[in-house]
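Source file: my_file16.txt; contents: compact mmCIF, C-alpha atoms.
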# COMPACT_ATOMS: atom_id res chain seq x y z
CA MET A 1 -51.48 -10.58 16.71
CA ASP A 2 -48.61 -8.14 16.17
CA SER A 3 -49.97 -6.46 13.07
CA LEU A 4 -53.09 -4.40 12.56
CA GLU A 5 -53.26 -5.61 8.95
CA PRO A 6 -55.92 -8.28 8.47
CA GLU A 7 -54.43 -11.74 8.04
CA THR A 8 -54.71 -13.15 4.53
CA TRP A 9 -54.21 -16.84 5.29
CA PRO A 10 -57.90 -17.53 6.13
CA GLN A 11 -58.70 -16.27 2.61
CA ASP A 12 -55.98 -18.61 1.27
CA ILE A 13 -57.57 -21.58 3.02
CA TYR A 14 -61.02 -20.59 1.73
CA GLN A 15 -59.62 -20.49 -1.80
CA VAL A 16 -58.17 -24.00 -1.43
CA LEU A 17 -61.56 -25.26 -0.19
CA VAL A 18 -63.30 -23.69 -3.19
CA GLU A 19 -60.76 -25.20 -5.59
CA ASN A 20 -61.29 -28.60 -3.97
CA ARG A 21 -65.08 -28.31 -4.42
CA VAL A 22 -65.77 -28.58 -0.69
CA ARG A 23 -69.53 -28.48 -0.10
CA GLN A 24 -70.01 -29.19 3.62
CA VAL A 25 -68.13 -27.25 6.29
CA ALA A 26 -68.57 -28.74 9.76
CA TYR A 27 -67.18 -26.90 12.75
CA ILE A 28 -66.91 -26.23 16.41
CA PRO A 29 -65.78 -22.62 16.36
CA ASP A 30 -62.37 -21.38 17.36
CA ILE A 31 -61.14 -17.81 17.28
CA GLY A 32 -58.42 -18.95 14.85
CA HIS A 33 -61.07 -20.15 12.39
CA ALA A 34 -63.45 -17.20 12.88
CA SER A 35 -62.87 -15.40 9.59
CA LEU A 36 -62.77 -18.64 7.58
CA ILE A 37 -66.12 -19.64 9.09
CA LYS A 38 -67.57 -16.24 8.09
CA MET A 39 -66.40 -16.72 4.51
CA CYS A 40 -67.90 -20.20 4.36
CA HIS A 41 -71.22 -18.89 5.70
CA LYS A 42 -71.33 -16.37 2.85
CA SER A 43 -70.59 -18.95 0.15
CA ASN A 44 -73.48 -20.11 -2.02
CA ASN A 45 -71.80 -23.46 -2.65
CA MET A 46 -71.03 -24.44 0.93
CA LYS A 47 -73.34 -25.69 3.65
CA THR A 48 -72.04 -24.80 7.10
CA VAL A 49 -72.91 -27.12 9.97
CA VAL A 50 -72.21 -26.11 13.55
CA LEU A 51 -71.76 -29.22 15.69
CA THR A 52 -72.30 -29.99 19.36
CA THR A 53 -69.14 -32.14 19.50
CA GLU A 54 -66.37 -32.69 16.98
CA GLU A 55 -67.05 -36.41 16.53
CA GLU A 56 -70.41 -35.50 15.01
CA GLY A 57 -68.44 -33.84 12.22
CA VAL A 58 -66.55 -37.05 11.45
CA ALA A 59 -69.84 -38.93 11.00
CA LEU A 60 -71.49 -36.02 9.17
CA LEU A 61 -68.73 -35.87 6.58
CA ALA A 62 -68.84 -39.64 6.12
CA GLY A 63 -72.51 -39.25 5.20
CA ALA A 64 -71.65 -36.30 2.98
CA TRP A 65 -69.07 -38.41 1.12
CA LEU A 66 -71.56 -41.26 0.67
CA GLY A 67 -73.87 -38.72 -0.95
CA GLY A 68 -71.17 -37.27 -3.19
CA ASP A 69 -70.23 -34.15 -1.20
CA ARG A 70 -66.71 -33.25 -0.15
CA GLY A 71 -66.30 -31.69 3.28
CA VAL A 72 -63.94 -30.12 5.75
CA LEU A 73 -63.94 -30.28 9.54
CA LEU A 74 -62.74 -27.26 11.54
CA MET A 75 -61.84 -27.50 15.22
CA GLN A 76 -59.30 -26.53 17.82
CA SER A 77 -56.84 -29.02 19.24
CA SER A 78 -58.99 -29.75 22.29
CA GLY A 79 -61.57 -31.28 19.95
CA VAL A 80 -59.26 -33.89 18.51
CA GLY A 81 -59.63 -36.18 21.51
CA ASN A 82 -63.41 -36.13 21.08
CA CYS A 83 -63.11 -37.74 17.65
CA ILE A 84 -61.08 -40.87 18.32
CA ASN A 85 -63.62 -43.69 18.13
CA MET A 86 -65.59 -42.02 15.32
CA LEU A 87 -62.41 -41.92 13.22
CA SER A 88 -62.73 -45.73 12.92
CA LEU A 89 -65.63 -45.01 10.54
CA THR A 90 -63.40 -43.01 8.20
CA ARG A 91 -60.64 -45.59 8.40
CA VAL A 92 -62.63 -48.82 8.01
CA CYS A 93 -64.73 -47.37 5.18
CA ARG A 94 -61.65 -45.83 3.52
CA MET A 95 -63.21 -42.40 3.16
CA PRO A 96 -61.51 -39.04 2.80
CA LEU A 97 -61.50 -36.63 5.71
CA LEU A 98 -59.86 -33.20 5.79
CA ILE A 99 -59.47 -31.66 9.26
CA LEU A 100 -58.10 -28.17 9.92
CA VAL A 101 -56.99 -27.83 13.53
CA THR A 102 -56.03 -24.55 15.18
CA MET A 103 -53.63 -25.31 18.00
CA ARG A 104 -53.99 -24.41 21.66
CA GLY A 105 -51.82 -25.44 24.57
CA GLU A 106 -48.80 -25.43 22.33
CA TRP A 107 -46.97 -22.06 22.36
CA GLY A 108 -47.29 -19.45 25.10
CA GLU A 109 -50.62 -20.85 26.28
CA PHE A 110 -52.09 -19.07 29.31
CA ASN A 111 -54.68 -21.78 30.08
CA PRO A 112 -53.13 -24.98 31.50
CA TRP A 113 -56.32 -26.95 30.76
CA GLN A 114 -55.50 -26.69 27.05
CA VAL A 115 -52.00 -28.11 27.45
CA PRO A 116 -52.60 -31.90 27.82
CA MET A 117 -54.53 -32.12 24.54
CA GLY A 118 -52.45 -29.48 22.76
CA GLN A 119 -49.19 -31.26 23.54
CA ASN A 120 -50.52 -34.59 22.28
CA THR A 121 -52.62 -33.60 19.27
CA LYS A 122 -50.21 -34.89 16.64
CA GLN A 123 -49.54 -38.20 18.42
CA VAL A 124 -53.25 -38.82 19.06
CA LEU A 125 -54.13 -38.20 15.41
CA THR A 126 -51.25 -40.37 14.24
CA VAL A 127 -52.25 -43.39 16.31
CA ALA A 128 -55.83 -42.93 15.10
CA GLY A 129 -54.57 -43.27 11.51
CA VAL A 130 -54.78 -39.60 10.51
CA LEU A 131 -51.90 -38.11 8.49
CA THR A 132 -50.75 -34.85 10.05
CA PHE A 133 -49.24 -31.72 8.51
CA ALA A 134 -47.97 -29.19 11.05
CA VAL A 135 -47.49 -25.62 9.87
CA ASN A 136 -45.95 -22.78 11.89
CA ASP A 137 -45.33 -20.22 9.14
CA LYS A 138 -48.38 -18.36 7.82
CA ASP A 139 -46.88 -18.13 4.34
CA ARG A 140 -46.93 -21.93 4.16
CA ILE A 141 -50.52 -22.49 5.25
CA LYS A 142 -51.94 -22.44 1.72
CA GLU A 143 -49.54 -25.02 0.30
CA THR A 144 -49.98 -27.20 3.39
CA VAL A 145 -53.78 -27.21 3.15
CA GLU A 146 -53.45 -27.91 -0.58
CA ALA A 147 -51.21 -30.91 0.12
CA ALA A 148 -53.48 -32.24 2.87
CA ALA A 149 -56.61 -31.79 0.72
CA LYS A 150 -55.01 -33.58 -2.21
CA MET A 151 -53.97 -36.55 -0.10
CA ALA A 152 -57.39 -36.67 1.57
CA PHE A 153 -59.53 -36.61 -1.56
CA GLU A 154 -57.18 -38.49 -3.89
CA GLY A 155 -56.22 -41.10 -1.26
CA PRO A 156 -58.72 -41.44 0.11
CA ALA A 157 -57.16 -40.67 3.48
CA ALA A 158 -57.81 -38.85 6.71
CA THR A 159 -55.52 -35.82 6.93
CA ALA A 160 -55.18 -33.00 9.43
CA VAL A 161 -53.41 -29.65 9.16
CA LEU A 162 -52.22 -28.40 12.55
CA ILE A 163 -52.03 -24.60 12.46
CA SER A 164 -49.56 -23.52 15.12
CA GLN A 165 -50.38 -21.19 17.96
CA ARG A 166 -47.25 -19.28 16.86
CA ILE A 167 -49.28 -18.10 13.86
CA LEU A 168 -52.52 -17.52 15.72
CA GLY A 169 -51.00 -15.74 18.68
CA ALA A 170 -51.52 -16.97 22.22
CA LYS A 171 -55.00 -16.12 23.50
CA THR A 172 -55.31 -13.85 26.50
CA PHE A 173 -58.24 -12.42 28.39
CA ASP A 174 -56.92 -8.85 28.44
CA ARG A 175 -57.49 -7.96 24.80
CA MET B 176 -85.54 -48.05 36.25
CA ASN B 177 -88.34 -50.29 35.04
CA SER B 178 -86.79 -53.63 34.15
CA GLU B 179 -89.97 -55.49 33.12
CA ARG B 180 -91.97 -52.93 31.17
CA SER B 181 -90.43 -53.34 27.74
CA LYS B 182 -90.82 -57.14 27.79
CA SER B 183 -94.54 -56.66 27.26
CA TYR B 184 -94.53 -54.00 24.52
CA SER B 185 -96.64 -55.23 21.62
CA LEU B 186 -94.57 -53.98 18.67
CA ARG B 187 -91.88 -56.38 17.43
CA ARG B 188 -88.75 -54.87 15.94
CA ARG B 189 -88.30 -57.09 12.87
CA ALA B 190 -91.91 -56.65 11.79
CA VAL B 191 -91.72 -52.88 12.34
CA VAL B 192 -88.61 -52.48 10.22
CA LYS B 193 -89.87 -54.87 7.53
CA GLU B 194 -93.10 -52.93 7.20
CA LEU B 195 -91.27 -49.61 7.17
CA LEU B 196 -88.86 -50.70 4.44
CA ALA B 197 -91.46 -52.53 2.32
CA GLN B 198 -92.46 -49.11 0.97
CA ARG B 199 -89.06 -47.45 1.05
CA GLY B 200 -89.11 -46.37 -2.59
CA ASP B 201 -85.74 -44.86 -3.43
CA ALA B 202 -84.93 -43.97 0.19
CA LEU B 203 -81.36 -44.10 1.46
CA VAL B 204 -81.20 -46.05 4.71
CA VAL B 205 -78.63 -45.63 7.49
CA ALA B 206 -78.75 -48.23 10.27
CA GLY B 207 -77.18 -47.72 13.70
CA LEU B 208 -74.93 -50.41 15.08
CA GLY B 209 -76.26 -53.58 16.66
CA ALA B 210 -79.80 -54.87 16.48
CA ALA B 211 -81.06 -52.00 14.30
CA ALA B 212 -78.53 -53.00 11.62
CA TRP B 213 -79.59 -56.64 11.91
CA ASP B 214 -83.28 -55.64 11.59
CA VAL B 215 -82.59 -53.64 8.44
CA THR B 216 -80.62 -56.55 7.01
CA ALA B 217 -83.40 -59.00 7.88
CA ALA B 218 -85.73 -56.86 5.77
CA GLY B 219 -83.33 -57.27 2.81
CA ASP B 220 -79.65 -56.43 2.31
CA GLU B 221 -79.56 -53.61 -0.25
CA PRO B 222 -76.78 -51.47 -1.73
CA LEU B 223 -78.60 -48.34 -0.57
CA ASN B 224 -78.45 -49.51 3.04
CA PHE B 225 -75.53 -48.26 5.07
CA PRO B 226 -75.40 -50.45 8.19
CA LEU B 227 -72.90 -49.38 10.85
CA TRP B 228 -70.82 -51.91 12.79
CA GLY B 229 -69.31 -49.27 15.07
CA ALA B 230 -69.19 -45.46 15.25
CA MET B 231 -71.72 -45.47 18.09
CA GLY B 232 -73.57 -42.18 18.25
CA GLY B 233 -72.84 -41.53 14.58
CA ALA B 234 -75.97 -42.77 12.83
CA VAL B 235 -77.91 -39.49 13.01
CA PRO B 236 -75.05 -37.15 12.04
CA LEU B 237 -74.09 -39.52 9.20
CA GLY B 238 -77.71 -39.44 8.01
CA LEU B 239 -77.65 -35.65 8.24
CA GLY B 240 -74.53 -35.34 6.05
CA LEU B 241 -76.15 -37.67 3.52
CA ALA B 242 -79.45 -35.76 3.60
CA LEU B 243 -77.64 -32.45 2.98
CA ALA B 244 -75.70 -33.99 0.09
CA GLN B 245 -78.79 -35.59 -1.47
CA PRO B 246 -81.66 -33.15 -0.90
CA SER B 247 -83.89 -34.86 -3.47
CA ARG B 248 -83.73 -38.28 -1.78
CA ARG B 249 -85.44 -39.44 1.39
CA VAL B 250 -82.88 -40.37 4.05
CA LEU B 251 -84.10 -42.73 6.74
CA VAL B 252 -81.99 -43.32 9.86
CA ILE B 253 -83.02 -46.40 11.83
CA THR B 254 -81.21 -46.87 15.12
CA GLY B 255 -81.59 -48.08 18.69
CA ASP B 256 -82.12 -46.19 21.94
CA GLY B 257 -78.60 -46.89 23.23
CA GLU B 258 -77.00 -45.65 20.01
CA MET B 259 -79.23 -42.56 20.00
CA LEU B 260 -78.40 -41.77 23.63
CA MET B 261 -74.70 -41.62 22.76
CA GLY B 262 -75.32 -38.93 20.13
CA LEU B 263 -78.11 -36.79 21.60
CA GLY B 264 -76.31 -33.61 20.61
CA SER B 265 -76.79 -34.53 16.97
CA LEU B 266 -80.55 -33.95 17.39
CA ALA B 267 -79.75 -30.30 18.13
CA THR B 268 -77.59 -30.19 15.01
CA VAL B 269 -80.37 -31.73 12.89
CA ALA B 270 -82.89 -29.22 14.28
CA THR B 271 -80.55 -26.36 13.40
CA GLN B 272 -80.04 -27.60 9.83
CA ARG B 273 -83.70 -28.59 9.28
CA PRO B 274 -83.17 -31.03 6.39
CA PRO B 275 -86.68 -31.61 4.98
CA ASN B 276 -85.72 -35.07 3.66
CA LEU B 277 -84.44 -36.63 6.90
CA ALA B 278 -86.50 -39.04 9.02
CA ILE B 279 -85.10 -40.59 12.20
CA VAL B 280 -86.64 -43.75 13.61
CA VAL B 281 -85.48 -45.04 17.00
CA LEU B 282 -86.30 -48.62 17.95
CA ASP B 283 -86.59 -48.17 21.70
CA ASN B 284 -86.53 -51.43 23.68
CA GLU B 285 -85.01 -49.68 26.72
CA ARG B 286 -81.97 -52.00 26.54
CA TYR B 287 -78.42 -52.31 25.32
CA GLY B 288 -79.23 -55.40 23.27
CA GLU B 289 -75.80 -56.53 22.11
CA THR B 290 -74.13 -56.49 25.51
CA GLY B 291 -76.50 -58.47 27.70
CA MET B 292 -79.78 -56.52 27.62
CA GLN B 293 -78.78 -54.04 30.31
CA LEU B 294 -81.30 -51.25 30.84
CA THR B 295 -80.76 -47.90 29.10
CA HIS B 296 -81.85 -44.51 30.37
CA THR B 297 -85.18 -44.85 28.58
CA ALA B 298 -86.09 -47.60 31.05
CA GLY B 299 -85.61 -44.95 33.70
CA GLY B 300 -88.12 -42.64 32.05
CA VAL B 301 -85.93 -40.64 29.68
CA ASP B 302 -88.18 -39.64 26.79
CA LEU B 303 -86.29 -39.50 23.49
CA GLY B 304 -89.26 -38.04 21.60
CA ALA B 305 -89.46 -35.18 24.10
CA ILE B 306 -85.71 -34.59 23.82
CA ALA B 307 -86.00 -34.43 20.03
CA ALA B 308 -88.94 -32.04 20.30
CA ALA B 309 -87.16 -29.83 22.82
CA SER B 310 -84.14 -29.81 20.51
CA GLY B 311 -86.33 -28.20 17.89
CA ILE B 312 -87.10 -31.05 15.50
CA PRO B 313 -90.49 -29.97 14.18
CA ILE B 314 -92.27 -33.32 14.03
CA CYS B 315 -91.68 -35.82 16.84
CA ARG B 316 -93.84 -38.71 17.98
CA THR B 317 -93.64 -41.70 20.26
CA VAL B 318 -95.50 -44.79 19.02
CA SER B 319 -96.20 -47.92 21.03
CA ASP B 320 -98.95 -49.88 19.30
CA LYS B 321 -99.56 -51.35 15.87
CA LYS B 322 -102.40 -49.06 14.90
CA SER B 323 -100.42 -45.89 15.58
CA PHE B 324 -97.34 -47.34 13.93
CA ARG B 325 -99.28 -48.11 10.73
CA SER B 326 -100.76 -44.63 10.77
CA VAL B 327 -97.32 -42.95 10.90
CA ILE B 328 -95.66 -44.98 8.11
CA PRO B 329 -96.74 -42.53 5.38
CA GLN B 330 -95.38 -39.63 7.48
CA ILE B 331 -92.05 -41.39 7.89
CA GLN B 332 -91.90 -42.01 4.13
CA LYS B 333 -93.10 -38.68 2.79
CA GLU B 334 -93.78 -35.83 5.20
CA VAL B 335 -91.58 -32.77 5.08
CA GLY B 336 -89.09 -33.11 7.90
CA PRO B 337 -86.93 -33.39 9.76
CA LEU B 338 -88.95 -35.95 11.67
CA PHE B 339 -88.25 -38.07 14.71
CA PHE B 340 -90.20 -41.19 15.63
CA ASN B 341 -89.53 -43.14 18.79
CA ILE B 342 -91.00 -46.62 18.43
CA LYS B 343 -91.41 -48.53 21.67
CA ILE B 344 -90.60 -52.16 20.85
CA ARG B 345 -90.50 -55.38 22.82
CA ALA B 346 -87.21 -56.34 24.46
CA GLU B 347 -86.24 -59.59 22.75
CA ASN B 348 -83.12 -61.32 21.53
CA LEU B 349 -83.48 -62.46 17.93
CA PRO B 350 -81.28 -64.47 15.55
CA LEU B 351 -78.44 -62.39 14.09
CA MET B 352 -78.94 -61.20 10.51
CA LEU B 353 -75.54 -59.75 9.68
CA PRO B 354 -74.88 -57.36 6.79
CA PRO B 355 -71.47 -57.29 5.06
CA LYS B 356 -68.82 -56.16 7.52
CA ASP B 357 -66.19 -54.53 5.31
CA GLY B 358 -66.84 -50.79 5.54
CA ALA B 359 -65.03 -50.02 2.28
CA TYR B 360 -67.27 -52.50 0.46
CA LEU B 361 -70.40 -51.04 2.06
CA LYS B 362 -69.30 -47.55 1.02
CA ASP B 363 -68.37 -48.55 -2.55
CA ARG B 364 -71.59 -50.42 -3.25
CA PHE B 365 -73.63 -47.55 -1.79
CA GLN B 366 -71.85 -44.93 -3.90
CA LEU B 367 -72.01 -47.10 -7.00
CA ALA B 368 -75.78 -47.52 -6.59
CA LEU B 369 -76.38 -43.85 -5.78
CA LEU B 370 -73.81 -41.97 -7.84
CA GLY B 371 -72.68 -44.39 -10.53
CA THR B 372 -69.20 -45.54 -11.54
CA ASP B 373 -67.72 -42.01 -11.64
CA ALA B 374 -67.92 -41.82 -7.88
CA ILE B 375 -65.68 -44.78 -7.16
CA ILE B 376 -62.81 -44.31 -9.59
Once more with this new file: its structure as structure tokens, please.
Amino acid sequence: MDSLEPETWPQDIYQVLVENRVRQVAYIPDIGHASLIKMCHKSNNMKTVVLTTEEEGVALLAGAWLGGDRGVLLMQSSGVGNCINMLSLTRVCRMPLLILVTMRGEWGEFNPWQVPMGQNTKQVLTVAGVLTFAVNDKDRIKETVEAAAKMAFEGPAATAVLISQRILGAKTFDR
Amino acid sequence: MNSERSKSYSLRRRAVVKELLAQRGDALVVAGLGAAAWDVTAAGDEPLNFPLWGAMGGAVPLGLGLALAQPSRRVLVITGDGEMLMGLGSLATVATQRPPNLAIVVLDNERYGETGMQLTHTAGGVDLGAIAAASGIPICRTVSDKKSFRSVIPQIQKEVGPLFFNIKIRAENLPLMLPPKDGAYLKDRFQLALLGTDAII
């Protein structure tokens, strides 16, 4: 990050989730989602569920929807590949699914192991039937999450917002 | 691997599930893919059953999401050993969430039943009840005879959970009892029965 000012976009996303009446927040943590996860933990209206693998979150939120709860699934791009077969559940049952992906292996990545998944995240989601919304300007994150949430819950559809590594800053080990 | 052992187990899967669901009350039932879904259907196809035709490894996390959304209803996940083995991590997630209304029942015949009865890891001694217990699920039991099964039915129905019951059942191929296959239909009828018409418009 270039600035010492705290970023405001995680708060923007949180606000969109509140306005969309999201009740279950499933996640595998990523540094890019860290402050959003903290906000969700503090909320009285949200249940946070830490997963052991991202595909669990796809099934969890299908169950949540059956029971009347809206949800969101937070992950980094490496987790997208873990979800592929489970996404058939969302698709065949025509359920909503909102995924917020923080990108790795995309822009100035120092870890080559992140690159294969990071370079193919959008294509993989697309062939799995998930609508994707890439955003690389932090001032556009709020409107992008709003658009993706609307199409997910009104569709119903599976949608994913891909938050660029250009916004997050490339991770290094010398911080 | 012990390839003969489960052929002589005394508990029979259809009778176990029928007896379990005879007193289901207003429980919400999630069935894992394959024979577990056929067993649940054989006991009576109901709108508040959600039988999976795929999504292997997803029965327990789906049941968890449902249990968190509906804390006043009993949620009963009935699945097979192969399906459970694919989603073992979800037991850790259940233990962390501790939903008091979630009961997990595994029908363990030590086989992949739909693909030619190949042996699963449980035939090699893997103990699903011990895995669930070590994951932190507070009440876990393995049951292998009729008397113990009957004695745990009230626990499965009512006790504060989460609970995990591994039922050792005979390896047998039974006639298919197929639930509806269209996932959107299964979802709509479930939501209609549980949440009313507002949920599906």
Inset, instruction - Identify every residue of chain B that has at least one atom within 9 Å of any atom of chain A, counting only C-alpha atoms, and report the result as number ranges by chain. - result: B: 227-245, 262, 264-265, 267-268, 271-272, 357-363, 365-366, 369-370, 374
Inset, instruction - Calculate how many Å separate atom CA of B:Gln330 from atom CA of B:Arg345, rounding to one decimal. - result: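 About the pair atom CA of B:Gln330 and atom CA of B:Arg345: they are 22.5 Å apart.
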Legend entry - Near-B:Leu303 list (12 Å; all atoms listed in the file; drop same-chain fewer than 2 positions) as a ChimeraX atom specification: /B:255-264,266,279-285,295-301,305-310,312,315-318,339-343
Inset, instruction - Might you pull out every residue within 8 Å of stretch 79-82 of chain A, with only C-alpha atoms counted and same-chain residues fewer than 2 positions away left off, and present them as a PyMOL selection string? - result: chain A and resi 53-55+75-77+84+117+121+124-125
Inset, instruction - Work out how far apart atom CA of B:Asp320 and atom CA of B:Ala278 are and give it in Å to one decimal. - result: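 Rounded to one decimal, the two atoms are 19.4 Å apart.
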Report, as AutoDock Vina command-line options, the centre and edge lengths in Å (one decimal) of the axis-aligned box enclosing every listed atom of stretch 244-248 of chain B, padded by 5 Å on each side.
--center_x -79.8 --center_y -35.7 --center_z -1.7 --size_x 18.2 --size_y 15.1 --size_z 13.6
Legend entry - Between atom CA of A:Thr144 and atom CA of A:Glu109, distance in Å (one decimal):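 It comes out at 23.8 Å.
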Inset, instruction - Find the residue from A:Arg166, A:His33, A:Arg104, A:Lys42 that sits nearest to A:Leu74; use all atoms listed in the file when measuring. - result: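 Looking at the shortest contact to A:Leu74, the residue is A:His33.
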Inset, instruction - Tell me which of B:Arg364, B:Asp373, B:Arg286, B:Lys321 sits closest to B:Leu223, counting only C-alpha atoms. - result: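 Result for the nearest residue to B:Leu223: B:Arg364.
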Inset, instruction - Can you work out which one of B:Ser183, B:Ser178, B:Gln332, B:Asn348 has the shortest atom-to-atom distance to B:Ala197, counting only C-alpha atoms? - result: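 Result for the nearest residue to B:Ala197: B:Gln332.
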Legend entry - Closest of B:Leu208, B:Val191, B:Ala202, B:Met176 to B:Ser323 - atom-to-atom distances counting all atoms listed in the file: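 Using all atoms listed in the file, the shortest distance to B:Ser323 belongs to B:Val191.
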Within 12 Å of B:Gly200 using only C-alpha atoms, minus same-chain residues under 4 positions, as a short mmCIF file (atom, residue, chain, number, x, y, z; two decimals) with C-alpha atoms, keeping the file's coordinate frame:
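Below is the file that was written, result11.cif:
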data_model
loop_
_atom_site.label_atom_id
_atom_site.label_comp_id
_atom_site.auth_asym_id
_atom_site.auth_seq_id
_atom_site.Cartn_x
_atom_site.Cartn_y
_atom_site.Cartn_z
CA LEU B 195 -91.27 -49.61 7.17
CA LEU B 196 -88.86 -50.70 4.44
CA VAL B 204 -81.20 -46.05 4.71
CA LEU B 223 -78.60 -48.34 -0.57
CA ARG B 248 -83.73 -38.28 -1.78
CA ARG B 249 -85.44 -39.44 1.39
CA VAL B 250 -82.88 -40.37 4.05
CA LEU B 251 -84.10 -42.73 6.74
CA PRO B 329 -96.74 -42.53 5.38
CA ILE B 331 -92.05 -41.39 7.89
CA GLN B 332 -91.90 -42.01 4.13
CA LYS B 333 -93.10 -38.68 2.79
#
Inset, instruction - Rank nothing, just name the residue among B:Phe324, B:Asn224, B:Ala270, B:Arg180 nearest to B:Asp201, using all atoms listed in the file. - result: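 Among the listed residues, B:Asn224 lies closest to B:Asp201.
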Inset, instruction - Might you pull out every residue within 8 Å of B:Pro226, with all atoms listed in the file counted and same-chain residues fewer than 4 positions away left off, and present them as a PyMOL selection string? - result: chain B and resi 205-208+212+215+354+361
Inset, instruction - Select, from A:Thr159, A:Gln15, A:Thr132, A:Ser43, the residue with the minimum atom-to-atom distance to A:Leu98, counting only C-alpha atoms. - result: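 Using only C-alpha atoms, the shortest distance to A:Leu98 belongs to A:Thr159.
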Legend entry - B:Thr216 environment, 8 Å, only C-alpha atoms, sequence neighbours closer than 5 positions dropped, as a list in words: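 Contacts, with the query itself left out: Glu221, Met352, Leu353 and Pro354 of chain B.
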Inset, instruction - Kindly extract all protein, DNA and RNA residues lying within 8 Å of the coordinates (-57.9, -16.7, 6.4) given in the file, considering all atoms listed in the file, and supply them as JSON, numbers by chain. - result: {"A": [7, 8, 9, 10, 11, 12, 13, 14, 33, 35, 36]}
